[in-house]
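query.txt follows (compact mmCIF, C-alpha atoms):
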```txt
# COMPACT_ATOMS: atom_id res chain seq x y z
CA MET A 85 -3.35 -63.90 -21.66
CA SER A 86 -6.93 -64.22 -20.47
CA PHE A 87 -9.11 -61.31 -19.32
CA LEU A 88 -9.03 -62.56 -15.71
CA GLU A 89 -5.20 -62.62 -15.71
CA LEU A 90 -5.04 -59.06 -17.12
CA PHE A 91 -7.56 -57.85 -14.52
CA SER A 92 -5.65 -59.54 -11.67
CA ARG A 93 -2.35 -57.97 -12.81
CA GLY A 94 -3.96 -54.54 -12.98
CA VAL A 95 -5.33 -54.81 -9.42
CA ASN A 96 -1.91 -55.91 -8.13
CA ASN A 97 -0.26 -52.90 -9.78
CA LEU A 98 -2.80 -50.55 -8.21
CA ASN A 99 -2.16 -52.06 -4.78
CA LYS A 100 1.59 -51.56 -5.19
CA GLU A 101 1.11 -47.91 -6.15
CA LYS A 102 -1.38 -47.20 -3.36
CA LYS A 103 0.25 -45.14 -0.63
CA PRO A 104 -0.31 -46.10 3.00
CA GLN A 105 -2.86 -43.87 4.78
CA PRO A 106 -1.48 -41.73 7.61
CA GLN A 107 -2.46 -42.67 11.12
CA LYS A 108 -4.63 -40.27 13.12
CA SER A 109 -1.60 -39.03 15.04
CA GLU A 110 0.22 -38.35 11.76
CA ALA A 111 -2.68 -36.57 10.05
CA PRO A 112 -2.26 -32.87 9.19
CA ALA A 113 -3.21 -30.42 11.97
CA HIS A 114 -6.73 -29.04 11.79
CA TRP A 115 -7.79 -25.64 10.59
CA ILE A 116 -10.37 -23.74 12.58
CA LYS A 117 -12.71 -20.91 11.71
CA CYS A 118 -13.04 -17.78 13.85
CA GLU A 119 -16.61 -17.31 15.07
CA SER A 120 -16.21 -13.53 14.92
CA CYS A 121 -14.44 -12.67 11.64
CA ASN A 122 -14.86 -16.06 9.88
CA ALA A 123 -11.13 -16.21 9.13
CA LEU A 124 -9.69 -19.67 8.53
CA MET A 125 -6.74 -20.21 10.86
CA TYR A 126 -4.09 -22.86 11.37
CA TYR A 127 -4.85 -24.57 14.69
CA LYS A 128 -1.27 -24.41 16.00
CA GLU A 129 -1.11 -20.68 15.31
CA VAL A 130 -4.26 -20.11 17.37
CA GLU A 131 -2.95 -22.38 20.12
CA ASN A 132 0.26 -20.35 20.30
CA GLN A 133 -1.87 -17.21 20.67
CA LEU A 134 -3.64 -18.75 23.72
CA TYR A 135 -6.72 -19.38 21.59
CA VAL A 136 -7.12 -15.77 20.53
CA CYS A 137 -7.82 -15.09 16.86
CA PRO A 138 -4.67 -13.53 15.33
CA LYS A 139 -6.84 -11.72 12.78
CA CYS A 140 -9.44 -9.94 14.91
CA GLY A 141 -8.47 -10.65 18.55
CA TYR A 142 -11.59 -12.70 19.30
CA HIS A 143 -11.15 -14.73 22.51
CA ILE A 144 -12.19 -18.30 21.81
CA ARG A 145 -13.81 -20.15 24.71
CA ILE A 146 -11.40 -22.47 26.50
CA GLY A 147 -11.76 -25.18 29.12
CA VAL A 148 -10.40 -25.55 32.62
CA LYS A 149 -7.10 -27.20 31.63
CA HIS A 150 -6.13 -24.34 29.35
CA ARG A 151 -7.37 -21.75 31.82
CA ILE A 152 -5.16 -23.19 34.55
CA LYS A 153 -2.20 -23.37 32.17
CA PHE A 154 -2.58 -19.76 31.02
CA LEU A 155 -3.43 -18.18 34.40
CA LEU A 156 -1.34 -20.06 36.99
CA ASP A 157 2.38 -20.70 37.26
CA ASP A 158 3.60 -23.94 35.68
CA GLU A 159 2.86 -27.07 37.74
CA SER A 160 1.70 -25.01 40.72
CA PHE A 161 -1.95 -26.10 40.75
CA GLU A 162 -3.18 -28.66 43.28
CA GLU A 163 -6.85 -29.59 42.97
CA SER A 164 -9.16 -29.82 45.98
CA ASP A 165 -12.61 -31.36 46.52
CA ALA A 166 -12.53 -33.34 43.27
CA HIS A 167 -14.54 -36.10 44.97
CA LEU A 168 -17.70 -34.00 45.37
CA LYS A 169 -20.57 -35.34 43.25
CA PRO A 170 -24.07 -33.89 42.70
CA VAL A 171 -27.23 -35.64 43.82
CA ASP A 172 -30.75 -35.33 42.42
CA PRO A 173 -32.66 -33.67 45.30
CA ILE A 174 -35.97 -33.15 43.44
CA LYS A 175 -35.78 -36.12 41.02
CA PHE A 176 -35.88 -33.71 38.09
CA VAL A 177 -36.81 -34.97 34.62
CA ASP A 178 -37.34 -33.01 31.40
CA LYS A 179 -36.32 -34.61 28.10
CA LYS A 180 -33.81 -36.60 30.18
CA SER A 181 -33.40 -37.19 33.88
CA TYR A 182 -30.96 -35.01 35.79
CA ARG A 183 -28.95 -38.10 36.70
CA LYS A 184 -28.63 -38.98 33.01
CA ARG A 185 -27.43 -35.46 32.16
CA ILE A 186 -24.81 -35.62 34.93
CA GLU A 187 -23.49 -38.95 33.65
CA GLU A 188 -23.32 -37.63 30.09
CA ALA A 189 -21.42 -34.56 31.31
CA PHE A 190 -19.05 -36.85 33.21
CA ASP A 191 -18.42 -38.97 30.11
CA LYS A 192 -17.62 -35.80 28.17
CA ASN A 193 -15.46 -34.03 30.78
CA GLY A 194 -14.22 -36.71 33.15
CA ARG A 195 -15.56 -34.98 36.24
CA TYR A 196 -18.87 -34.33 38.03
CA SER A 197 -18.75 -30.57 38.38
CA ALA A 198 -18.59 -27.40 36.29
CA VAL A 199 -16.06 -25.99 38.78
CA VAL A 200 -12.47 -27.07 39.36
CA SER A 201 -11.02 -25.63 42.56
CA GLY A 202 -7.71 -25.75 44.35
CA THR A 203 -4.47 -23.98 45.23
CA GLY A 204 -1.98 -22.45 42.85
CA LYS A 205 0.51 -19.65 42.34
CA ILE A 206 0.37 -16.55 40.18
CA ASN A 207 3.83 -15.04 39.67
CA GLY A 208 4.96 -16.83 42.82
CA ILE A 209 2.04 -15.68 45.00
CA PHE A 210 -0.12 -18.41 46.55
CA VAL A 211 -3.82 -18.09 45.75
CA GLU A 212 -7.00 -20.13 46.09
CA VAL A 213 -8.83 -20.52 42.78
CA ALA A 214 -12.19 -21.74 41.46
CA ILE A 215 -12.57 -22.02 37.69
CA PHE A 216 -15.77 -22.69 35.73
CA ASP A 217 -15.92 -24.85 32.62
CA PHE A 218 -18.78 -23.93 30.28
CA SER A 219 -18.62 -27.33 28.56
CA PHE A 220 -20.06 -29.00 31.70
CA MET A 221 -23.82 -28.34 31.51
CA GLY A 222 -23.24 -24.78 30.38
CA GLY A 223 -21.13 -24.03 33.45
CA SER A 224 -24.34 -23.97 35.49
CA LEU A 225 -24.23 -23.28 39.22
CA GLY A 226 -25.41 -26.24 41.29
CA SER A 227 -24.92 -27.39 44.86
CA VAL A 228 -21.51 -28.93 44.19
CA GLU A 229 -20.26 -25.81 42.40
CA GLY A 230 -21.46 -23.62 45.26
CA GLU A 231 -19.86 -25.89 47.84
CA LYS A 232 -16.53 -25.87 45.99
CA ILE A 233 -16.52 -22.07 45.86
CA TYR A 234 -17.50 -21.92 49.55
CA ARG A 235 -14.64 -24.25 50.51
CA THR A 236 -12.22 -22.29 48.30
CA ILE A 237 -13.05 -19.09 50.19
CA ASN A 238 -12.76 -20.81 53.58
CA ARG A 239 -9.33 -22.22 52.66
CA ALA A 240 -8.23 -18.72 51.69
CA ILE A 241 -9.33 -17.37 55.07
CA GLU A 242 -7.55 -20.19 56.94
CA ARG A 243 -4.35 -19.77 54.91
CA LYS A 244 -4.58 -15.97 54.61
CA ARG A 245 -4.57 -15.93 50.82
CA GLY A 246 -6.43 -14.16 48.06
CA VAL A 247 -9.21 -15.74 46.01
CA ILE A 248 -9.58 -15.87 42.22
CA ILE A 249 -12.85 -17.03 40.65
CA VAL A 250 -12.98 -17.40 36.87
CA SER A 251 -16.62 -17.44 35.77
CA ALA A 252 -18.06 -18.95 32.58
CA SER A 253 -21.68 -19.85 33.20
CA GLY A 254 -25.22 -19.73 31.90
CA GLY A 255 -26.50 -19.22 35.45
CA ALA A 256 -28.19 -21.30 38.15
CA ARG A 257 -28.85 -24.97 37.33
CA MET A 258 -32.59 -25.39 36.85
CA GLN A 259 -32.47 -29.14 37.57
CA GLU A 260 -31.71 -28.32 41.22
CA SER A 261 -34.31 -25.56 41.53
CA THR A 262 -34.10 -23.69 44.87
CA PHE A 263 -31.06 -25.71 45.94
CA SER A 264 -29.17 -24.03 43.11
CA LEU A 265 -30.47 -20.54 43.92
CA MET A 266 -29.32 -20.99 47.53
CA GLN A 267 -25.72 -21.13 46.29
CA MET A 268 -25.94 -17.44 45.39
CA ALA A 269 -26.49 -16.48 49.03
CA LYS A 270 -24.07 -19.12 50.32
CA THR A 271 -21.13 -17.93 48.22
CA SER A 272 -21.92 -14.24 48.78
CA ALA A 273 -21.96 -14.74 52.55
CA ALA A 274 -18.60 -16.52 52.38
CA LEU A 275 -17.13 -13.60 50.40
CA ALA A 276 -18.34 -11.21 53.10
CA LYS A 277 -16.24 -13.19 55.61
CA LEU A 278 -13.27 -12.99 53.24
CA ALA A 279 -13.65 -9.20 53.13
CA GLU A 280 -13.83 -9.06 56.94
CA ALA A 281 -10.53 -10.95 57.03
CA GLY A 282 -9.00 -8.27 54.80
CA LEU A 283 -8.17 -10.72 52.01
CA PRO A 284 -8.50 -9.86 48.31
CA TYR A 285 -10.97 -11.36 45.86
CA ILE A 286 -10.45 -10.89 42.13
CA SER A 287 -13.30 -11.92 39.86
CA ILE A 288 -12.55 -12.77 36.23
CA LEU A 289 -15.53 -12.75 33.86
CA THR A 290 -15.26 -14.74 30.64
CA ASP A 291 -17.69 -15.40 27.82
CA PRO A 292 -20.42 -15.98 28.91
CA THR A 293 -21.13 -15.03 32.53
CA MET A 294 -24.88 -14.91 32.97
CA GLY A 295 -27.81 -15.46 35.31
CA GLY A 296 -27.38 -16.25 38.99
CA VAL A 297 -23.58 -16.34 38.68
CA SER A 298 -23.42 -12.74 37.43
CA ALA A 299 -25.99 -11.75 40.07
CA SER A 300 -23.88 -13.07 42.96
CA PHE A 301 -20.19 -13.81 43.47
CA ALA A 302 -19.06 -12.92 39.92
CA THR A 303 -19.81 -9.24 40.47
CA LEU A 304 -18.72 -9.02 44.12
CA GLY A 305 -14.97 -8.86 43.50
CA ASP A 306 -12.72 -6.24 45.00
CA ILE A 307 -11.57 -5.98 41.40
CA ILE A 308 -13.70 -7.24 38.51
CA ILE A 309 -11.85 -8.11 35.30
CA ALA A 310 -13.39 -9.24 32.02
CA GLU A 311 -11.91 -10.72 28.88
CA PRO A 312 -12.52 -8.69 25.70
CA ASP A 313 -16.05 -8.92 24.27
CA ALA A 314 -17.22 -11.26 27.04
CA LEU A 315 -21.00 -11.54 27.36
CA VAL A 316 -21.99 -10.59 30.92
CA GLY A 317 -25.50 -10.09 32.26
CA PHE A 318 -28.47 -11.54 34.10
CA ALA A 319 -31.30 -12.16 31.62
CA GLY A 320 -30.81 -12.73 27.90
CA GLN A 321 -31.11 -9.81 25.51
CA ARG A 322 -34.25 -11.16 23.84
CA VAL A 323 -36.03 -11.43 27.21
CA ILE A 324 -34.99 -7.90 28.18
CA LYS A 325 -36.07 -6.49 24.83
CA GLN A 326 -39.48 -8.16 25.09
CA THR A 327 -39.88 -6.94 28.68
CA ILE A 328 -39.03 -3.27 28.12
CA GLY A 329 -40.49 -3.15 24.62
CA SER A 330 -37.63 -1.27 22.99
CA ASP A 331 -34.32 -1.89 21.27
CA LEU A 332 -31.16 -2.31 23.34
CA PRO A 333 -27.99 -0.20 22.91
CA GLU A 334 -25.31 -1.52 20.59
CA GLY A 335 -22.89 -3.80 22.41
CA PHE A 336 -25.28 -4.18 25.36
CA GLN A 337 -24.03 -6.75 27.93
CA ARG A 338 -20.58 -6.92 26.36
CA ALA A 339 -17.48 -6.26 28.46
CA GLU A 340 -16.70 -2.97 26.69
CA PHE A 341 -20.21 -1.64 27.37
CA LEU A 342 -19.98 -2.64 31.04
CA LEU A 343 -16.59 -0.95 31.43
CA GLU A 344 -17.89 2.24 29.87
CA HIS A 345 -20.80 2.27 32.34
CA GLY A 346 -18.71 1.41 35.42
CA ALA A 347 -19.98 -2.13 36.02
CA ILE A 348 -16.49 -3.68 35.80
CA ASP A 349 -13.02 -2.36 36.58
CA MET A 350 -10.95 -3.41 33.57
CA ILE A 351 -10.74 -5.48 30.42
CA VAL A 352 -7.62 -7.62 30.13
CA LYS A 353 -6.47 -9.68 27.19
CA ARG A 354 -5.77 -13.35 27.84
CA LYS A 355 -2.04 -12.97 27.17
CA GLU A 356 -1.80 -10.26 29.83
CA MET A 357 -4.09 -11.87 32.42
CA ARG A 358 -1.49 -13.67 34.55
CA ASP A 359 0.81 -10.67 34.92
CA THR A 360 -2.10 -8.31 35.55
CA VAL A 361 -3.69 -10.49 38.22
CA GLY A 362 -0.29 -11.17 39.80
CA ALA A 363 0.45 -7.44 40.04
CA LEU A 364 -3.00 -6.75 41.54
CA LEU A 365 -2.60 -9.52 44.11
CA LYS A 366 0.78 -8.16 45.16
CA LEU A 367 -0.63 -4.66 45.47
CA LEU A 368 -3.70 -5.71 47.47
CA ILE A 369 -1.75 -7.98 49.81
CA GLN A 370 0.80 -5.23 50.54
CA LYS A 371 -2.03 -2.76 51.17
CA ASN A 372 -3.69 -5.13 53.65
CA LYS A 373 -0.38 -5.68 55.48
CA GLN A 374 0.16 -1.95 55.80
CA GLU A 375 -3.35 -1.52 57.19
CA GLU A 376 -2.71 -4.26 59.76
CA VAL A 377 0.53 -2.59 60.87
CA SER A 378 -1.11 0.86 61.16
CA ALA A 379 -4.00 -0.64 63.13
```
Starting from the coordinates I provided, produce the structure as structure tokens.
Amino acid sequence: MSFLELFSRGVNNLNKEKKPQPQKSEAPAHWIKCESCNALMYYKEVENQLYVCPKCGYHIRIGVKHRIKFLLDDESFEESDAHLKPVDPIKFVDKKSYRKRIEEAFDKNGRYSAVVSGTGKINGIFVEVAIFDFSFMGGSLGSVEGEKIYRTINRAIERKRGVIIVSASGGARMQESTFSLMQMAKTSAALAKLAEAGLPYISILTDPTMGGVSASFATLGDIIIAEPDALVGFAGQRVIKQTIGSDLPEGFQRAEFLLEHGAIDMIVKRKEMRDTVGALLKLLIQKNKQEEVSA
């Protein structure tokens, strides 16, 4: 038998023994690493824990879809104002044009806004909600985000419902300059009308809630709730440290520090958020009804 025949037979035998490669859908589930304790965790285990590290309790950042699933009753959410799309009022360009950044964010997220708003139920109670997604341009507050929050509050007033805003933002969107900063006043004024109508507003702060968002509607709630260890503040710690010229306290701008100093009302774990918010809504709505009767 020639060398070529032996070589050919060997290749054929290898091909017979070679196992078929699993398809992507059949591949083993991923393992993920906790950003806090560096523990290596099975993805499904973390998913079952609502994306909270089973080792240290670290709350992993989640997007809008998971936030809706974990906070609202099953299949109760109906989105509003999904058609709103940002414009480029000042033709802003840095390394990329603002229009290019918006299109890239759309390709990544499938929508043109960092806020998803609409109607849902929490433990059977109707509520108007606006939820930020940090993966869309850092959850920055632009004209569309402000308009969605404004319309959410107006719907609540018309329908006599409470408002829930879940914040996860780096602050005002610099590419819209003053147009972005105006959203702080716009949303705050709308919340003043909600308060005049005697309707509750619960603000939920997640990691991170910074800048113009924390300086406006995020900290104007009748009740302000934060997830554990959420970063909440206006300026970054490095900027503050350079400005005041001294070291900052340990845990500065974290939810636990803010609770200790009276800046927020409570810290609630993700697993307990729906029941806690539902109970608060029920309590506040009953209180408002009693006040209307006594008046």
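Rounded to one decimal, atom CA of A:Gly282 and atom CA of A:Ala256 lie 28.6 Å from each other.
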Atom CA of A:Tyr127 to atom CA of A:Met357, straight-line distance in Å: 21.8 Å
Who sits within 9 Å of A:Pro292, only C-alpha atoms, same chain under 4 positions skipped, as a ChimeraX atom specification: /A:145,218,251-254,314-317
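Distance-wise, atom CA of A:Ser298 and atom CA of A:Pro333 end up 19.7 Å apart.
Once A:Glu242 and its same-chain neighbours fewer than 5 positions away are set aside, Ile237, Leu278 and Ala281 of chain A remain within 10 Å of it when counting all atoms listed in the file.
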Residue neighbourhood A:Ser120, 9 Å, only C-alpha atoms, exclusion window fewer than 4 positions, as a PyMOL selection string: chain A and resi 137+140+142
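Among A:Ile233, A:Ala269, A:Val148, A:Leu364, the residue with the shortest atom-to-atom distance to A:Arg195, counting all atoms listed in the file, is A:Val148.
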Find the smallest box with edges along x, y and z containing every listed atom of stretch 276-291 of chain A, then add 8 Å on each side and report centre and edge lengths in Å to one decimal, as AutoDock Vina command-line options.
```
--center_x -13.3 --center_y -11.8 --center_z 42.4 --size_x 26.2 --size_y 23.1 --size_z 45.2
```
Identify the residues within 10 Å of coordinate (-9.0, -16.0, 43.9) (same frame as the file), considering only C-alpha atoms, and give the answer as a PDB file with C-alpha atoms, in the coordinates of the input.
```
ATOM      1  CA  SER A 201     -11.020 -25.630  42.560  1.00  0.00           C
ATOM      2  CA  GLY A 202      -7.710 -25.750  44.350  1.00  0.00           C
ATOM      3  CA  THR A 203      -4.470 -23.980  45.230  1.00  0.00           C
ATOM      4  CA  GLY A 204      -1.980 -22.450  42.850  1.00  0.00           C
ATOM      5  CA  PHE A 210      -0.120 -18.410  46.550  1.00  0.00           C
ATOM      6  CA  VAL A 211      -3.820 -18.090  45.750  1.00  0.00           C
ATOM      7  CA  GLU A 212      -7.000 -20.130  46.090  1.00  0.00           C
ATOM      8  CA  VAL A 213      -8.830 -20.520  42.780  1.00  0.00           C
ATOM      9  CA  ALA A 214     -12.190 -21.740  41.460  1.00  0.00           C
ATOM     10  CA  ILE A 215     -12.570 -22.020  37.690  1.00  0.00           C
ATOM     11  CA  ILE A 233     -16.520 -22.070  45.860  1.00  0.00           C
ATOM     12  CA  THR A 236     -12.220 -22.290  48.300  1.00  0.00           C
ATOM     13  CA  ILE A 237     -13.050 -19.090  50.190  1.00  0.00           C
ATOM     14  CA  ALA A 240      -8.230 -18.720  51.690  1.00  0.00           C
ATOM     15  CA  ARG A 245      -4.570 -15.930  50.820  1.00  0.00           C
ATOM     16  CA  GLY A 246      -6.430 -14.160  48.060  1.00  0.00           C
ATOM     17  CA  VAL A 247      -9.210 -15.740  46.010  1.00  0.00           C
ATOM     18  CA  ILE A 248      -9.580 -15.870  42.220  1.00  0.00           C
ATOM     19  CA  ILE A 249     -12.850 -17.030  40.650  1.00  0.00           C
ATOM     20  CA  VAL A 250     -12.980 -17.400  36.870  1.00  0.00           C
ATOM     21  CA  LEU A 283      -8.170 -10.720  52.010  1.00  0.00           C
ATOM     22  CA  PRO A 284      -8.500  -9.860  48.310  1.00  0.00           C
ATOM     23  CA  TYR A 285     -10.970 -11.360  45.860  1.00  0.00           C
ATOM     24  CA  ILE A 286     -10.450 -10.890  42.130  1.00  0.00           C
ATOM     25  CA  SER A 287     -13.300 -11.920  39.860  1.00  0.00           C
ATOM     26  CA  ILE A 288     -12.550 -12.770  36.230  1.00  0.00           C
ATOM     27  CA  GLY A 305     -14.970  -8.860  43.500  1.00  0.00           C
ATOM     28  CA  VAL A 361      -3.690 -10.490  38.220  1.00  0.00           C
ATOM     29  CA  LEU A 365      -2.600  -9.520  44.110  1.00  0.00           C
TER      30      LEU A 365
END
```
Distance query A:Lys270 at most 10 Å, all atoms listed in the file, self and fewer than 2 positions along chain excluded, as a PyMOL selection string: chain A and resi 227+230-231+233-234+265-268+272-275+300-301
Write out as a compact mmCIF listing (two decimals) with C-alpha atoms, in the coordinates of the input the residues lying within 8 Å of stretch 154-156 of chain A, counting only C-alpha atoms and excluding same-chain residues fewer than 3 positions away.
```txt
# COMPACT_ATOMS: atom_id res chain seq x y z
CA LEU A 134 -3.64 -18.75 23.72
CA HIS A 150 -6.13 -24.34 29.35
CA ARG A 151 -7.37 -21.75 31.82
CA SER A 160 1.70 -25.01 40.72
CA PHE A 161 -1.95 -26.10 40.75
CA GLY A 204 -1.98 -22.45 42.85
CA LYS A 205 0.51 -19.65 42.34
CA ILE A 206 0.37 -16.55 40.18
CA ASN A 207 3.83 -15.04 39.67
CA ARG A 354 -5.77 -13.35 27.84
CA LYS A 355 -2.04 -12.97 27.17
CA MET A 357 -4.09 -11.87 32.42
CA ARG A 358 -1.49 -13.67 34.55
```
Complete stretch 182-207 of chain A with N, CA and C atoms (output as a PDB file, in the frame of the given file).
```pdb
ATOM      1  N   TYR A 182     -32.152 -35.757  35.350  1.00  0.00           N
ATOM      2  CA  TYR A 182     -30.960 -35.010  35.790  1.00  0.00           C
ATOM      3  C   TYR A 182     -29.783 -35.958  35.963  1.00  0.00           C
ATOM      4  N   ARG A 183     -30.030 -37.127  36.510  1.00  0.00           N
ATOM      5  CA  ARG A 183     -28.950 -38.100  36.700  1.00  0.00           C
ATOM      6  C   ARG A 183     -28.305 -38.480  35.361  1.00  0.00           C
ATOM      7  N   LYS A 184     -29.133 -38.632  34.338  1.00  0.00           N
ATOM      8  CA  LYS A 184     -28.630 -38.980  33.010  1.00  0.00           C
ATOM      9  C   LYS A 184     -27.765 -37.853  32.460  1.00  0.00           C
ATOM     10  N   ARG A 185     -28.192 -36.617  32.646  1.00  0.00           N
ATOM     11  CA  ARG A 185     -27.430 -35.460  32.160  1.00  0.00           C
ATOM     12  C   ARG A 185     -26.076 -35.369  32.874  1.00  0.00           C
ATOM     13  N   ILE A 186     -26.067 -35.648  34.169  1.00  0.00           N
ATOM     14  CA  ILE A 186     -24.810 -35.620  34.930  1.00  0.00           C
ATOM     15  C   ILE A 186     -23.846 -36.682  34.407  1.00  0.00           C
ATOM     16  N   GLU A 187     -24.352 -37.872  34.157  1.00  0.00           N
ATOM     17  CA  GLU A 187     -23.490 -38.950  33.650  1.00  0.00           C
ATOM     18  C   GLU A 187     -22.954 -38.625  32.265  1.00  0.00           C
ATOM     19  N   GLU A 188     -23.781 -38.022  31.425  1.00  0.00           N
ATOM     20  CA  GLU A 188     -23.320 -37.630  30.090  1.00  0.00           C
ATOM     21  C   GLU A 188     -22.246 -36.550  30.190  1.00  0.00           C
ATOM     22  N   ALA A 189     -22.430 -35.605  31.114  1.00  0.00           N
ATOM     23  CA  ALA A 189     -21.420 -34.560  31.310  1.00  0.00           C
ATOM     24  C   ALA A 189     -20.124 -35.151  31.840  1.00  0.00           C
ATOM     25  N   PHE A 190     -20.243 -36.175  32.696  1.00  0.00           N
ATOM     26  CA  PHE A 190     -19.050 -36.850  33.210  1.00  0.00           C
ATOM     27  C   PHE A 190     -18.307 -37.573  32.089  1.00  0.00           C
ATOM     28  N   ASP A 191     -19.047 -38.255  31.235  1.00  0.00           N
ATOM     29  CA  ASP A 191     -18.420 -38.970  30.110  1.00  0.00           C
ATOM     30  C   ASP A 191     -17.686 -38.001  29.198  1.00  0.00           C
ATOM     31  N   LYS A 192     -18.214 -36.796  29.046  1.00  0.00           N
ATOM     32  CA  LYS A 192     -17.620 -35.800  28.170  1.00  0.00           C
ATOM     33  C   LYS A 192     -16.410 -35.122  28.799  1.00  0.00           C
ATOM     34  N   ASN A 193     -16.479 -34.850  30.118  1.00  0.00           N
ATOM     35  CA  ASN A 193     -15.460 -34.030  30.780  1.00  0.00           C
ATOM     36  C   ASN A 193     -14.571 -34.780  31.761  1.00  0.00           C
ATOM     37  N   GLY A 194     -15.018 -35.957  32.198  1.00  0.00           N
ATOM     38  CA  GLY A 194     -14.220 -36.710  33.150  1.00  0.00           C
ATOM     39  C   GLY A 194     -14.320 -36.228  34.578  1.00  0.00           C
ATOM     40  N   ARG A 195     -15.347 -35.441  34.877  1.00  0.00           N
ATOM     41  CA  ARG A 195     -15.560 -34.980  36.240  1.00  0.00           C
ATOM     42  C   ARG A 195     -17.050 -34.693  36.433  1.00  0.00           C
ATOM     43  N   TYR A 196     -17.462 -34.490  37.699  1.00  0.00           N
ATOM     44  CA  TYR A 196     -18.870 -34.330  38.030  1.00  0.00           C
ATOM     45  C   TYR A 196     -19.257 -32.905  38.378  1.00  0.00           C
ATOM     46  N   SER A 197     -18.447 -31.948  38.009  1.00  0.00           N
ATOM     47  CA  SER A 197     -18.750 -30.570  38.380  1.00  0.00           C
ATOM     48  C   SER A 197     -18.286 -29.601  37.313  1.00  0.00           C
ATOM     49  N   ALA A 198     -18.987 -28.463  37.220  1.00  0.00           N
ATOM     50  CA  ALA A 198     -18.590 -27.400  36.290  1.00  0.00           C
ATOM     51  C   ALA A 198     -17.478 -26.544  36.867  1.00  0.00           C
ATOM     52  N   VAL A 199     -17.117 -26.775  38.130  1.00  0.00           N
ATOM     53  CA  VAL A 199     -16.060 -25.990  38.780  1.00  0.00           C
ATOM     54  C   VAL A 199     -14.899 -26.885  39.170  1.00  0.00           C
ATOM     55  N   VAL A 200     -13.708 -26.442  38.862  1.00  0.00           N
ATOM     56  CA  VAL A 200     -12.470 -27.070  39.360  1.00  0.00           C
ATOM     57  C   VAL A 200     -11.839 -26.075  40.328  1.00  0.00           C
ATOM     58  N   SER A 201     -11.558 -26.528  41.539  1.00  0.00           N
ATOM     59  CA  SER A 201     -11.020 -25.630  42.560  1.00  0.00           C
ATOM     60  C   SER A 201      -9.742 -26.191  43.153  1.00  0.00           C
ATOM     61  N   GLY A 202      -8.953 -25.308  43.735  1.00  0.00           N
ATOM     62  CA  GLY A 202      -7.710 -25.750  44.350  1.00  0.00           C
ATOM     63  C   GLY A 202      -6.785 -24.594  44.662  1.00  0.00           C
ATOM     64  N   THR A 203      -5.507 -24.939  44.872  1.00  0.00           N
ATOM     65  CA  THR A 203      -4.470 -23.980  45.230  1.00  0.00           C
ATOM     66  C   THR A 203      -3.457 -23.856  44.104  1.00  0.00           C
ATOM     67  N   GLY A 204      -3.004 -22.656  43.871  1.00  0.00           N
ATOM     68  CA  GLY A 204      -1.980 -22.450  42.850  1.00  0.00           C
ATOM     69  C   GLY A 204      -1.159 -21.205  43.152  1.00  0.00           C
ATOM     70  N   LYS A 205      -0.301 -20.865  42.215  1.00  0.00           N
ATOM     71  CA  LYS A 205       0.510 -19.650  42.340  1.00  0.00           C
ATOM     72  C   LYS A 205       0.348 -18.802  41.089  1.00  0.00           C
ATOM     73  N   ILE A 206       0.350 -17.489  41.287  1.00  0.00           N
ATOM     74  CA  ILE A 206       0.370 -16.550  40.180  1.00  0.00           C
ATOM     75  C   ILE A 206       1.575 -15.631  40.398  1.00  0.00           C
ATOM     76  N   ASN A 207       2.555 -15.765  39.520  1.00  0.00           N
ATOM     77  CA  ASN A 207       3.830 -15.040  39.670  1.00  0.00           C
ATOM     78  C   ASN A 207       4.422 -15.228  41.065  1.00  0.00           C
TER      79      ASN A 207
END
```
